>>> print(open('protein-v2.cif').read())   # mmCIF, C-alpha atoms
data_input
loop_
_atom_site.label_atom_id
_atom_site.label_comp_id
_atom_site.auth_asym_id
_atom_site.auth_seq_id
_atom_site.Cartn_x
_atom_site.Cartn_y
_atom_site.Cartn_z
CA MET H 1 182.91 46.14 167.07
CA GLU H 2 182.33 49.15 169.35
CA GLN H 3 182.26 51.47 166.36
CA PHE H 4 179.71 49.19 164.71
CA LYS H 5 177.56 49.30 167.86
CA HIS H 6 177.63 53.11 167.79
CA LYS H 7 176.72 53.01 164.09
CA LEU H 8 173.76 50.72 164.83
CA ALA H 9 172.61 52.88 167.75
CA ARG H 10 172.67 55.91 165.45
CA ARG H 11 170.73 53.92 162.85
CA VAL H 12 168.05 53.06 165.43
CA ARG H 13 167.72 56.75 166.40
CA LEU H 14 167.44 57.79 162.74
CA CYS H 15 164.82 55.10 162.06
CA GLN H 16 162.82 56.18 165.09
CA ALA H 17 162.99 59.82 163.98
CA GLY H 18 162.03 58.84 160.44
CA ALA H 19 159.11 56.74 161.69
CA ILE H 20 157.83 59.61 163.86
CA LEU H 21 158.12 62.07 160.97
CA ALA H 22 156.33 59.66 158.64
CA LEU H 23 153.59 59.18 161.23
CA ILE H 24 153.18 62.94 161.66
CA GLY H 25 153.08 63.35 157.90
CA PHE H 26 150.48 60.60 157.67
CA PHE H 27 148.10 62.21 160.18
CA VAL H 28 148.68 65.73 158.85
CA GLY H 29 147.92 64.52 155.34
CA LYS H 30 144.88 62.59 156.54
CA PHE H 31 143.27 65.54 158.29
CA LEU H 32 144.36 68.33 155.96
CA GLY H 33 143.92 66.24 152.84
CA THR H 34 143.59 67.41 149.25
CA PRO H 35 140.59 67.35 146.94
CA ASP H 36 142.38 64.88 144.66
CA GLU H 37 141.80 61.38 146.07
CA PHE H 38 144.50 59.68 144.00
CA SER H 39 147.37 61.93 145.10
CA SER H 40 146.12 61.87 148.69
CA GLY H 41 145.93 58.08 148.67
CA PHE H 42 149.35 57.81 147.04
CA ARG H 43 150.95 60.04 149.67
CA MET H 44 149.27 58.09 152.49
CA GLY H 45 150.51 54.82 151.04
CA VAL H 46 154.08 56.07 150.68
CA LEU H 47 154.15 57.46 154.23
CA LEU H 48 152.61 54.33 155.71
CA GLY H 49 155.08 52.13 153.82
CA LEU H 50 157.97 54.30 155.00
CA GLU H 51 156.68 54.12 158.57
CA LEU H 52 156.49 50.32 158.48
CA CYS H 53 159.97 49.98 156.92
CA MET H 54 161.52 52.30 159.49
CA ALA H 55 159.81 50.50 162.37
CA PHE H 56 160.92 47.09 161.08
CA LEU H 57 164.52 48.27 160.62
CA ALA H 58 164.59 49.85 164.08
CA ILE H 59 163.27 46.67 165.74
CA ARG H 60 165.71 44.43 163.86
CA THR H 61 168.67 46.68 164.66
CA ARG H 62 167.72 47.00 168.33
CA ARG H 63 167.40 43.21 168.56
CA ALA H 64 170.93 42.86 167.14
CA LEU H 65 172.26 45.37 169.69
CA CYS H 66 170.87 43.30 172.57
CA ASP H 67 172.21 39.94 171.37
CA GLU H 68 175.97 39.42 170.80
CA ALA H 69 175.52 36.53 168.38
CA ALA H 70 173.00 38.48 166.27
CA LEU H 71 175.31 41.51 166.41
CA LYS H 72 178.26 39.49 165.11
CA GLU H 73 176.10 37.98 162.36
CA LEU H 74 174.89 41.42 161.28
CA TYR H 75 178.44 42.78 161.38
CA ILE H 76 179.73 39.99 159.15
CA LYS H 77 176.77 40.37 156.78
CA GLU H 78 177.33 44.11 156.42
CA THR H 79 181.12 44.09 156.15
CA ASP H 80 181.55 40.93 154.09
CA GLU H 81 183.91 42.02 151.30
CA ARG H 82 182.24 39.96 148.59
CA ASN H 83 178.82 41.50 149.40
CA CYS H 84 180.37 44.98 149.40
CA GLN H 85 181.98 44.33 146.02
CA ILE H 86 178.69 43.06 144.59
CA LYS H 87 176.90 46.19 145.84
CA LEU H 88 179.56 48.40 144.26
CA MET H 89 179.29 46.62 140.92
CA VAL H 90 175.49 46.69 140.98
CA PHE H 91 175.42 50.41 141.66
CA SER H 92 178.14 51.09 139.13
CA SER H 93 176.53 49.27 136.20
CA GLY H 94 173.00 50.00 137.39
CA TRP H 95 173.69 53.72 137.31
CA PHE H 96 174.41 53.76 133.59
CA LEU H 97 171.41 51.56 132.84
CA LEU H 98 169.26 53.94 134.84
CA LEU H 99 170.55 56.95 132.91
CA PHE H 100 169.95 55.14 129.63
CA CYS H 101 166.38 54.20 130.59
CA LEU H 102 165.72 57.76 131.75
CA GLY H 103 166.94 59.03 128.39
CA LEU H 104 164.56 56.67 126.62
CA ALA H 105 161.71 57.80 128.87
CA ILE H 106 162.46 61.46 128.05
CA LEU H 107 162.38 60.63 124.37
CA ALA H 108 159.09 58.78 124.69
CA ALA H 109 157.54 61.52 126.84
CA SER H 110 158.47 64.18 124.29
CA PHE H 111 155.74 62.79 122.05
CA PHE H 112 153.06 63.38 124.70
CA ASN H 113 153.70 65.93 127.44
CA PHE H 114 156.50 68.48 127.82
CA THR H 115 155.91 68.92 131.57
CA VAL H 116 156.95 65.31 132.00
CA VAL H 117 159.94 65.87 129.69
CA PHE H 118 161.24 68.79 131.74
CA THR H 119 160.64 66.95 135.01
CA LEU H 120 162.61 63.95 133.77
CA LEU H 121 165.34 66.23 132.41
CA GLY H 122 165.59 67.80 135.87
CA VAL H 123 165.93 64.34 137.40
CA LEU H 124 168.60 63.40 134.82
CA LEU H 125 170.54 66.58 135.53
CA CYS H 126 170.38 65.97 139.31
CA MET H 127 171.59 62.39 138.86
CA CYS H 128 174.53 63.51 136.71
CA LEU H 129 175.50 66.22 139.19
CA LEU H 130 175.27 63.74 142.08
CA LYS H 131 177.47 61.26 140.20
CA LEU H 132 179.99 64.01 139.46
CA GLY H 133 179.96 65.13 143.09
CA CYS H 134 180.45 61.57 144.37
CA THR H 135 183.26 60.91 141.87
CA ILE H 136 185.13 64.06 142.95
CA TYR H 137 184.60 63.24 146.63
CA TYR H 138 185.86 59.66 146.41
CA ARG H 139 188.80 60.61 144.19
CA GLN H 140 189.89 63.08 146.84
CA LYS H 141 189.29 60.55 149.62
CA TYR H 142 191.22 57.69 147.99
CA MET S 1 192.11 32.51 141.72
CA LYS S 2 193.07 28.93 142.28
CA ASN S 3 193.50 27.94 145.90
CA GLN S 4 193.73 25.04 148.33
CA ILE S 5 191.10 26.26 150.78
CA ARG S 6 188.76 23.29 150.36
CA GLU S 7 191.54 20.75 150.77
CA LEU S 8 193.05 22.50 153.79
CA ARG S 9 189.63 22.92 155.37
CA ARG S 10 188.77 19.25 154.93
CA ALA S 11 192.13 18.22 156.32
CA LEU S 12 191.34 20.20 159.48
CA ARG S 13 187.74 18.91 159.52
CA VAL S 14 186.35 22.42 159.62
CA SER S 15 183.03 23.41 158.06
CA GLN S 16 182.61 26.33 155.67
CA GLY S 17 180.49 28.12 158.28
CA GLU S 18 183.14 27.74 160.96
CA LEU S 19 185.87 29.02 158.67
CA ALA S 20 183.65 31.92 157.59
CA ALA S 21 182.86 32.90 161.18
CA ARG S 22 186.54 32.72 162.13
CA VAL S 23 187.77 34.96 159.32
CA GLY S 24 184.78 37.33 159.45
CA VAL S 25 183.00 36.68 156.16
CA THR S 26 179.77 34.98 155.12
CA ARG S 27 179.61 31.30 154.18
CA GLN S 28 178.75 32.34 150.61
CA THR S 29 182.11 34.08 150.35
CA ILE S 30 183.93 30.91 151.41
CA ILE S 31 181.91 28.93 148.85
CA SER S 32 182.82 31.46 146.13
CA LEU S 33 186.48 31.30 147.14
CA GLU S 34 186.52 27.50 147.04
CA ASN S 35 184.81 27.54 143.64
CA GLU S 36 187.47 30.02 142.50
CA LYS S 37 184.82 32.54 141.46
CA TYR S 38 185.98 35.23 143.85
CA THR S 39 189.47 36.53 144.66
CA ALA S 40 190.06 37.37 148.30
CA SER S 41 191.46 40.72 149.36
CA LEU S 42 194.93 40.81 150.93
CA ALA S 43 193.48 41.06 154.44
CA LEU S 44 191.13 38.13 153.94
CA ALA S 45 193.87 36.04 152.29
CA TYR S 46 196.12 36.72 155.28
CA LYS S 47 193.40 35.74 157.77
CA ILE S 48 192.70 32.49 155.91
CA ALA S 49 196.39 31.63 155.73
CA ARG S 50 196.77 32.40 159.45
CA PHE S 51 193.80 30.18 160.25
CA PHE S 52 195.41 27.25 158.44
CA GLY S 53 198.83 28.06 159.85
CA CYS S 54 200.31 28.47 156.35
CA ARG S 55 201.77 31.19 154.21
CA ILE S 56 199.49 32.98 151.74
CA GLU S 57 201.46 31.39 148.88
CA ASP S 58 200.65 27.93 150.25
CA VAL S 59 196.91 28.63 150.23
CA PHE S 60 196.55 30.62 147.01
CA ASP S 61 198.09 29.72 143.67
CA PHE S 62 200.07 32.62 142.23
CA ALA S 63 201.49 30.69 139.26
CA GLU S 64 199.46 32.61 136.66
CA ILE S 65 200.30 35.96 138.22
CA GLU S 66 203.98 34.96 138.43
CA GLU S 67 203.94 34.04 134.74
CA GLU S 68 202.33 37.37 133.83
CA PHE S 69 204.92 39.15 135.92
CA GLN S 70 207.79 37.26 134.29
CA ASN S 71 206.41 37.93 130.80
CA GLY S 72 205.74 41.57 131.54
CA THR S 73 202.07 41.22 130.54
CA ILE S 74 199.16 42.78 132.45
#
>>> encode(input="protein-v2.cif", output="structure tokens")
Amino acid sequence: MEQFKHKLARRVRLCQAGAILALIGFFVGKFLGTPDEFSSGFRMGVLLGLELCMAFLAIRTRRALCDEAALKELYIKETDERNCQIKLMVFSSGWFLLLFCLGLAILAASFFNFTVVFTLLGVLLCMCLLKLGCTIYYRQKY
Amino acid sequence: MKNQIRELRRALRVSQGELAARVGVTRQTIISLENEKYTASLALAYKIARFFGCRIEDVFDFAEIEEEFQNGTI
């Protein structure tokens, strides 16, 4: 349980750092701005959403750290083996579905705009390399 | 995997939540185990058997696995 407490404390620090960075990014973007309203608004929305998520996560985690019962509940929720197995299966099958959908999107985009095609191809390549890297890492680990 | 968790739990008059808290899993996991939709890991199976004061073989039914083992099938 001590290790879990350290993990949560680290999570709170990361969330706080992330929230501060998002806030800085929000104000920098607001005052510097870009001529294009849509992209500016989109960036602001993403940063604000990130800020709120980080703040919520930090508050929830800190609350769990202060209360033993909440800490135990969070520990069980995060380490429950059935939940972990479900997450693994979701990510495993979801990954291939994602690659398939990306392939379809590349095909569809090729009829309209090649910038989009190359961007999506870059994303596909990154995803495949990440999967390969993770596979090699976990094969070595286990 | 077939098991006697529900029967043993009722005999001890213990709720699913209490059993879950004692062995360190969520109540949904206990429900899935009792409905035989989920197979517990070795560690969880041991904890559950310890809780009931039984052997793992008394809680979980290994008849099918024993048959597969005897027949040499996977």
>>> closest_residue(input="protein-v2.cif", among="S:Ile56, S:Leu8, S:Ala21, S:Ala45", to="chain H", atoms="only C-alpha atoms")
S:Ala21
>>> interface_residues(input="protein-v2.cif", of="chain S", to="chain H", cutoff="7 Å", atoms="only C-alpha atoms", output="list in words")
Gly24, Val25, Thr26 and Thr29 of chain S
>>> atom_distance(input="protein-v2.cif", atom1="CA of Gly25 in chain H", atom2="CA of Arg62 in chain H")
24.3 Å
>>> atom_distance(input="protein-v2.cif", atom1="CA of Arg10 in chain S", atom2="CA of Phe52 in chain S")
11.0 Å
>>> residues_around(input="protein-v2.cif", residues="Leu50 in chain H", least_positions_apart="6", cutoff="9 Å", atoms="all atoms listed in the file", output="MDAnalysis selection string")
chainID H and resid 18:19 22
